[in-house]
Amino acid sequence: MKRNIPRARLERFSRAILRQYRVAVVRMENAGQYLIDWRDARAITPSPQIMGALCDISHRWVIYIGAFCLDGHGQPYMKSTEIAPEGIYRSESLADVLEHCYRELLDGCNPNDLIGSGWIAMPGGTSLDEAQAARIFEACGAWQVQAAA
């Protein structure tokens with residue numbers, strides 16, 4: 001097998017960049033989209049290399065979906081689920097992949113408590129636990145965005 005095929009080399013390089021910077025894509029309802037280092041929840045500046053690595057090749061994704069709520073006493077809580085779709089997808093097709101699970105999660109929430117929602121997409125198949133996901137959502141202002149609105 002040839003090791004120096006240009007497309008394969010580009011894919012290996014792109015995946016290495018995403019692993020090195022621990023890139024996750026965070027999309028918050030009514031607040032926009034962010035690139036985050038998933039280990040320490042710091043923002044990543046979208047360089048051309050990182051954006052190319054995310055958008056130009058297909059990945060095996062793990063997506064953590066969260067619904068942000070405030071209980072009757074004003075205490076924040078989150079209902080969440082993690083999905084790992086079969087196959088590899090380009091980033092632009094992620095919305096189609098997770099739409100059903102996203103709607104199902106939101107429909108299962110108390111509408112009086114629900115203040116927002118979002119998802120974290122991890123290229124490369126890395127899974128998050130609930131504490132990691134909550135820290136990332138908190139860093140992106142999950143509960144403050146709707147409270148201010």
# chains A, B, ... in the order shown; residues from 1 in each chain; ligands from 1
$ residues_around --residues "Ile83 of chain A" --least-positions-apart "6" --cutoff "10 Å" --atoms "only C-alpha atoms" --output "PDB file with N, CA and C atoms, in the first residue's frame"
ATOM      1  N   TRP A  61     -17.699  11.300  14.363  1.00  0.00           N
ATOM      2  CA  TRP A  61     -18.075  12.299  15.358  1.00  0.00           C
ATOM      3  C   TRP A  61     -18.754  11.663  16.564  1.00  0.00           C
ATOM      4  N   VAL A  62     -18.533  12.278  17.719  1.00  0.00           N
ATOM      5  CA  VAL A  62     -19.322  12.019  18.912  1.00  0.00           C
ATOM      6  C   VAL A  62     -19.918  13.374  19.283  1.00  0.00           C
ATOM      7  N   ILE A  63     -21.230  13.405  19.483  1.00  0.00           N
ATOM      8  CA  ILE A  63     -21.932  14.667  19.707  1.00  0.00           C
ATOM      9  C   ILE A  63     -22.657  14.608  21.044  1.00  0.00           C
ATOM     10  N   TYR A  64     -22.378  15.585  21.878  1.00  0.00           N
ATOM     11  CA  TYR A  64     -22.998  15.693  23.200  1.00  0.00           C
ATOM     12  C   TYR A  64     -24.032  16.802  23.109  1.00  0.00           C
ATOM     13  N   ILE A  65     -25.288  16.471  23.344  1.00  0.00           N
ATOM     14  CA  ILE A  65     -26.390  17.424  23.237  1.00  0.00           C
ATOM     15  C   ILE A  65     -26.872  17.765  24.642  1.00  0.00           C
ATOM     16  N   VAL A  97     -27.681  14.989  10.931  1.00  0.00           N
ATOM     17  CA  VAL A  97     -27.450  13.758  11.679  1.00  0.00           C
ATOM     18  C   VAL A  97     -28.061  13.833  13.075  1.00  0.00           C
ATOM     19  N   LEU A  98     -27.960  14.992  13.727  1.00  0.00           N
ATOM     20  CA  LEU A  98     -28.388  15.071  15.124  1.00  0.00           C
ATOM     21  C   LEU A  98     -29.767  15.683  15.341  1.00  0.00           C
ATOM     22  N   CYS A 101     -32.364  13.475  17.437  1.00  0.00           N
ATOM     23  CA  CYS A 101     -31.983  13.322  18.852  1.00  0.00           C
ATOM     24  C   CYS A 101     -32.114  14.648  19.598  1.00  0.00           C
ATOM     25  N   TYR A 102     -31.778  15.733  18.937  1.00  0.00           N
ATOM     26  CA  TYR A 102     -31.861  17.068  19.522  1.00  0.00           C
ATOM     27  C   TYR A 102     -33.317  17.400  19.874  1.00  0.00           C
ATOM     28  N   ALA A 121     -19.635  18.952  19.372  1.00  0.00           N
ATOM     29  CA  ALA A 121     -19.270  17.932  18.389  1.00  0.00           C
ATOM     30  C   ALA A 121     -17.767  17.678  18.473  1.00  0.00           C
ATOM     31  N   SER A 127     -15.186  10.787  23.533  1.00  0.00           N
ATOM     32  CA  SER A 127     -16.406  10.895  24.313  1.00  0.00           C
ATOM     33  C   SER A 127     -16.171  11.818  25.507  1.00  0.00           C
TER      34      SER A 127
END
$ select_by_dssp --residues "chain A" --states "alpha helix (DSSP H)" --output "PyMOL selection string"
chain A and resi 6-21+48-55+94-107+130-139+142-148
$ residues_around --residues "Trp119 of chain A" --least-positions-apart "2" --cutoff "12 Å" --atoms "only C-alpha atoms" --output "PyMOL selection string"
chain A and resi 24-29+31-35+62-68+78-83+94-95+98-99+101-102+105-106+116-117+121-122+128+133-134+136-137+140+142
$ write_last_selection --atoms "C-alpha atoms" --output "PDB file, in the first residue's frame"
ATOM      1  CA  ALA A  24     -14.412  20.557  19.743  1.00  0.00           C
ATOM      2  CA  VAL A  25     -17.132  22.517  17.957  1.00  0.00           C
ATOM      3  CA  VAL A  26     -19.716  24.010  20.307  1.00  0.00           C
ATOM      4  CA  ARG A  27     -23.002  25.329  18.959  1.00  0.00           C
ATOM      5  CA  MET A  28     -25.243  27.254  21.323  1.00  0.00           C
ATOM      6  CA  GLU A  29     -28.834  28.142  20.506  1.00  0.00           C
ATOM      7  CA  ALA A  31     -25.394  32.415  20.949  1.00  0.00           C
ATOM      8  CA  GLY A  32     -23.391  31.179  17.993  1.00  0.00           C
ATOM      9  CA  GLN A  33     -20.673  28.656  17.387  1.00  0.00           C
ATOM     10  CA  TYR A  34     -17.296  28.276  19.097  1.00  0.00           C
ATOM     11  CA  LEU A  35     -14.122  26.254  18.767  1.00  0.00           C
ATOM     12  CA  VAL A  62     -19.322  12.019  18.912  1.00  0.00           C
ATOM     13  CA  ILE A  63     -21.932  14.667  19.707  1.00  0.00           C
ATOM     14  CA  TYR A  64     -22.998  15.693  23.200  1.00  0.00           C
ATOM     15  CA  ILE A  65     -26.390  17.424  23.237  1.00  0.00           C
ATOM     16  CA  GLY A  66     -27.497  19.472  26.235  1.00  0.00           C
ATOM     17  CA  ALA A  67     -30.680  21.254  27.316  1.00  0.00           C
ATOM     18  CA  PHE A  68     -30.070  23.998  29.890  1.00  0.00           C
ATOM     19  CA  MET A  78     -28.840  20.074  32.421  1.00  0.00           C
ATOM     20  CA  LYS A  79     -30.549  17.223  30.615  1.00  0.00           C
ATOM     21  CA  SER A  80     -28.220  15.650  28.099  1.00  0.00           C
ATOM     22  CA  THR A  81     -27.437  12.768  25.794  1.00  0.00           C
ATOM     23  CA  GLU A  82     -24.430  11.701  23.780  1.00  0.00           C
ATOM     24  CA  ILE A  83     -24.691  10.213  20.314  1.00  0.00           C
ATOM     25  CA  LEU A  94     -23.868  17.266  11.304  1.00  0.00           C
ATOM     26  CA  ALA A  95     -27.108  19.192  11.760  1.00  0.00           C
ATOM     27  CA  LEU A  98     -28.388  15.071  15.124  1.00  0.00           C
ATOM     28  CA  GLU A  99     -31.707  16.821  14.448  1.00  0.00           C
ATOM     29  CA  CYS A 101     -31.983  13.322  18.852  1.00  0.00           C
ATOM     30  CA  TYR A 102     -31.861  17.068  19.522  1.00  0.00           C
ATOM     31  CA  LEU A 105     -34.168  15.690  24.109  1.00  0.00           C
ATOM     32  CA  LEU A 106     -35.844  19.115  24.043  1.00  0.00           C
ATOM     33  CA  GLY A 116     -31.530  27.095  26.112  1.00  0.00           C
ATOM     34  CA  SER A 117     -29.771  24.273  24.367  1.00  0.00           C
ATOM     35  CA  ALA A 121     -19.270  17.932  18.389  1.00  0.00           C
ATOM     36  CA  MET A 122     -16.027  16.019  18.853  1.00  0.00           C
ATOM     37  CA  LEU A 128     -17.152  13.387  27.099  1.00  0.00           C
ATOM     38  CA  ALA A 133     -19.611  18.742  28.946  1.00  0.00           C
ATOM     39  CA  ALA A 134     -21.102  20.930  31.673  1.00  0.00           C
ATOM     40  CA  ILE A 136     -17.598  23.422  28.317  1.00  0.00           C
ATOM     41  CA  PHE A 137     -21.199  24.620  28.138  1.00  0.00           C
ATOM     42  CA  CYS A 140     -19.655  29.211  26.527  1.00  0.00           C
ATOM     43  CA  ALA A 142     -25.004  28.252  28.512  1.00  0.00           C
TER      44      ALA A 142
END
$ residues_around --residues "Arg135 of chain A" --least-positions-apart "5" --cutoff "10 Å" --atoms "only C-alpha atoms" --output "PyMOL selection string"
chain A and resi 38-41+130+140-142
$ write_last_selection --atoms "C-alpha atoms" --output "compact mmCIF listing (two decimals), in the first residue's frame"
# COMPACT_ATOMS: atom_id res chain seq x y z
CA TRP A 38 -12.33 20.26 25.14
CA ARG A 39 -9.86 19.42 27.90
CA ASP A 40 -9.60 22.88 29.48
CA ALA A 41 -12.63 24.64 27.90
CA GLU A 130 -21.25 14.92 31.99
CA CYS A 140 -19.65 29.21 26.53
CA GLY A 141 -22.29 30.89 28.71
CA ALA A 142 -25.00 28.25 28.51
$ closest_residue --among "A:Ala8, A:Leu70, A:Leu18, A:Cys55" --to "Glu92 of chain A" --atoms "only C-alpha atoms"
A:Cys55
$ atom_distance --atom1 "atom CA of Glu138 of chain A" --atom2 "atom CA of Ala84 of chain A"
22.5 Å
$ closest_residue --among "A:Glu86, A:Asp37, A:Glu11, A:Asp107" --to "Gln132 of chain A" --atoms "only C-alpha atoms"
A:Asp37
$ atom_distance --atom1 "atom CA of Ile115 of chain A" --atom2 "atom CA of Cys69 of chain A"
5.4 Å
$ closest_residue --among "A:Gly72, A:Pro6, A:Gly87, A:Gly125" --to "Pro111 of chain A" --atoms "only C-alpha atoms"
A:Gly72
$ atom_distance --atom1 "atom CA of Thr126 of chain A" --atom2 "atom CA of Arg12 of chain A"
16.6 Å
$ select_by_dssp --residues "segment 12-104 of chain A" --states "strand (DSSP E or B)" --output "JSON, numbers by chain"
{"A": [23, 24, 25, 26, 27, 28, 32, 33, 34, 35, 36, 37, 42, 43, 59, 61, 62, 63, 64, 65, 66, 67, 68, 69, 70, 76, 77, 78, 79, 80, 81, 82, 83, 89]}
$ write_last_selection --atoms "N, CA and C atoms" --output "compact mmCIF listing (two decimals), in the first residue's frame"
# COMPACT_ATOMS: atom_id res chain seq x y z
N VAL A 23 -9.63 19.92 19.61
CA VAL A 23 -10.69 20.77 19.08
C VAL A 23 -12.06 20.13 19.22
N ALA A 24 -12.99 20.92 19.72
CA ALA A 24 -14.41 20.56 19.74
C ALA A 24 -15.19 21.75 19.19
N VAL A 25 -16.26 21.47 18.48
CA VAL A 25 -17.13 22.52 17.96
C VAL A 25 -18.33 22.60 18.90
N VAL A 26 -18.59 23.80 19.40
CA VAL A 26 -19.72 24.01 20.31
C VAL A 26 -20.69 24.94 19.62
N ARG A 27 -21.93 24.51 19.55
CA ARG A 27 -23.00 25.33 18.96
C ARG A 27 -24.05 25.59 20.04
N MET A 28 -24.28 26.86 20.30
CA MET A 28 -25.24 27.25 21.32
C MET A 28 -26.44 27.94 20.64
N GLY A 32 -24.43 31.37 18.98
CA GLY A 32 -23.39 31.18 17.99
C GLY A 32 -22.61 29.89 18.15
N GLN A 33 -21.50 29.86 17.45
CA GLN A 33 -20.67 28.66 17.39
C GLN A 33 -19.26 29.00 17.83
N TYR A 34 -18.62 28.06 18.54
CA TYR A 34 -17.30 28.28 19.10
C TYR A 34 -16.41 27.07 18.80
N LEU A 35 -15.11 27.32 18.75
CA LEU A 35 -14.12 26.25 18.77
C LEU A 35 -13.51 26.27 20.16
N ILE A 36 -13.48 25.11 20.80
CA ILE A 36 -13.05 24.99 22.19
C ILE A 36 -12.03 23.87 22.31
N ASP A 37 -11.03 24.08 23.17
CA ASP A 37 -10.16 22.99 23.60
C ASP A 37 -10.98 22.22 24.62
N ARG A 42 -11.02 26.18 26.91
CA ARG A 42 -10.57 27.48 26.43
C ARG A 42 -10.89 27.64 24.95
N ALA A 43 -11.18 28.88 24.56
CA ALA A 43 -11.49 29.16 23.16
C ALA A 43 -10.25 28.93 22.29
N HIS A 59 -15.12 13.04 9.31
CA HIS A 59 -14.66 12.53 10.60
C HIS A 59 -15.70 11.58 11.18
N TRP A 61 -17.70 11.30 14.36
CA TRP A 61 -18.08 12.30 15.36
C TRP A 61 -18.75 11.66 16.56
N VAL A 62 -18.53 12.28 17.72
CA VAL A 62 -19.32 12.02 18.91
C VAL A 62 -19.92 13.37 19.28
N ILE A 63 -21.23 13.40 19.48
CA ILE A 63 -21.93 14.67 19.71
C ILE A 63 -22.66 14.61 21.04
N TYR A 64 -22.38 15.58 21.88
CA TYR A 64 -23.00 15.69 23.20
C TYR A 64 -24.03 16.80 23.11
N ILE A 65 -25.29 16.47 23.34
CA ILE A 65 -26.39 17.42 23.24
C ILE A 65 -26.87 17.76 24.64
N GLY A 66 -27.05 19.05 24.91
CA GLY A 66 -27.50 19.47 26.24
C GLY A 66 -28.66 20.44 26.18
N ALA A 67 -29.58 20.30 27.12
CA ALA A 67 -30.68 21.25 27.32
C ALA A 67 -30.44 21.92 28.67
N PHE A 68 -30.39 23.24 28.69
CA PHE A 68 -30.07 24.00 29.89
C PHE A 68 -31.36 24.47 30.55
N CYS A 69 -31.46 24.18 31.81
CA CYS A 69 -32.70 24.47 32.53
C CYS A 69 -32.41 25.15 33.86
N LEU A 70 -33.41 25.83 34.37
CA LEU A 70 -33.40 26.39 35.73
C LEU A 70 -34.62 25.84 36.44
N PRO A 76 -29.44 25.91 38.30
CA PRO A 76 -29.25 25.37 36.96
C PRO A 76 -29.10 23.85 36.98
N TYR A 77 -29.63 23.23 35.95
CA TYR A 77 -29.41 21.80 35.72
C TYR A 77 -29.44 21.55 34.22
N MET A 78 -28.94 20.39 33.83
CA MET A 78 -28.84 20.07 32.42
C MET A 78 -29.36 18.67 32.17
N LYS A 79 -30.16 18.54 31.12
CA LYS A 79 -30.55 17.22 30.62
C LYS A 79 -29.69 17.02 29.37
N SER A 80 -29.14 15.83 29.21
CA SER A 80 -28.22 15.65 28.10
C SER A 80 -28.23 14.23 27.58
N THR A 81 -27.65 14.07 26.40
CA THR A 81 -27.44 12.77 25.79
C THR A 81 -26.22 12.87 24.88
N GLU A 82 -25.58 11.75 24.68
CA GLU A 82 -24.43 11.70 23.78
C GLU A 82 -24.74 10.71 22.68
N ILE A 83 -24.47 11.11 21.44
CA ILE A 83 -24.69 10.21 20.31
C ILE A 83 -23.39 10.04 19.54
N TYR A 89 -18.70 11.68 8.68
CA TYR A 89 -19.47 12.79 8.12
C TYR A 89 -18.61 14.04 8.03
$ closest_residue --among "A:Gln20, A:Phe13, A:Asp129, A:Asp113" --to "Gln75 of chain A" --atoms "only C-alpha atoms"
A:Asp113
$ closest_residue --among "A:Asn30, A:Ser91, A:Ser14, A:Gln144" --to "Gly52 of chain A" --atoms "only C-alpha atoms"
A:Ser14
$ decode --residues "segment 9-69 of chain A" --atoms "C-alpha atoms" --output "CSV table (one decimal), in the first residue's frame"
chain,number,residue,atom,x,y,z
A,9,ARG,CA,-1.5,12.5,3.9
A,10,LEU,CA,-3.9,15.6,4.1
A,11,GLU,CA,-6.3,13.5,6.2
A,12,ARG,CA,-3.6,12.3,8.6
A,13,PHE,CA,-2.2,15.8,9.0
A,14,SER,CA,-5.7,17.3,9.6
A,15,ARG,CA,-6.6,14.7,12.2
A,16,ALA,CA,-3.3,15.3,13.9
A,17,ILE,CA,-4.0,19.0,14.2
A,18,LEU,CA,-7.4,18.4,15.7
A,19,ARG,CA,-5.9,15.9,18.3
A,20,GLN,CA,-3.0,18.3,19.1
A,21,TYR,CA,-5.3,21.2,19.9
A,22,ARG,CA,-8.1,19.0,21.3
A,23,VAL,CA,-10.7,20.8,19.1
A,24,ALA,CA,-14.4,20.6,19.7
A,25,VAL,CA,-17.1,22.5,18.0
A,26,VAL,CA,-19.7,24.0,20.3
A,27,ARG,CA,-23.0,25.3,19.0
A,28,MET,CA,-25.2,27.3,21.3
A,29,GLU,CA,-28.8,28.1,20.5
A,30,ASN,CA,-29.1,31.9,20.1
A,31,ALA,CA,-25.4,32.4,20.9
A,32,GLY,CA,-23.4,31.2,18.0
A,33,GLN,CA,-20.7,28.7,17.4
A,34,TYR,CA,-17.3,28.3,19.1
A,35,LEU,CA,-14.1,26.3,18.8
A,36,ILE,CA,-13.1,25.0,22.2
A,37,ASP,CA,-10.2,23.0,23.6
A,38,TRP,CA,-12.3,20.3,25.1
A,39,ARG,CA,-9.9,19.4,27.9
A,40,ASP,CA,-9.6,22.9,29.5
A,41,ALA,CA,-12.6,24.6,27.9
A,42,ARG,CA,-10.6,27.5,26.4
A,43,ALA,CA,-11.5,29.2,23.2
A,44,ILE,CA,-9.4,28.2,20.1
A,45,THR,CA,-8.7,30.9,17.4
A,46,PRO,CA,-9.9,29.4,14.1
A,47,SER,CA,-6.8,29.3,12.0
A,48,PRO,CA,-7.0,28.2,8.3
A,49,GLN,CA,-5.3,24.9,9.2
A,50,ILE,CA,-7.9,24.1,12.0
A,51,MET,CA,-10.8,25.2,9.9
A,52,GLY,CA,-9.6,23.1,6.9
A,53,ALA,CA,-9.1,20.1,9.2
A,54,LEU,CA,-12.6,20.4,10.5
A,55,CYS,CA,-14.5,21.3,7.3
A,56,ASP,CA,-12.6,19.7,4.4
A,57,ILE,CA,-12.4,16.1,5.5
A,58,SER,CA,-14.9,13.7,7.0
A,59,HIS,CA,-14.7,12.5,10.6
A,60,ARG,CA,-16.2,10.0,13.0
A,61,TRP,CA,-18.1,12.3,15.4
A,62,VAL,CA,-19.3,12.0,18.9
A,63,ILE,CA,-21.9,14.7,19.7
A,64,TYR,CA,-23.0,15.7,23.2
A,65,ILE,CA,-26.4,17.4,23.2
A,66,GLY,CA,-27.5,19.5,26.2
A,67,ALA,CA,-30.7,21.3,27.3
A,68,PHE,CA,-30.1,24.0,29.9
A,69,CYS,CA,-32.7,24.5,32.5
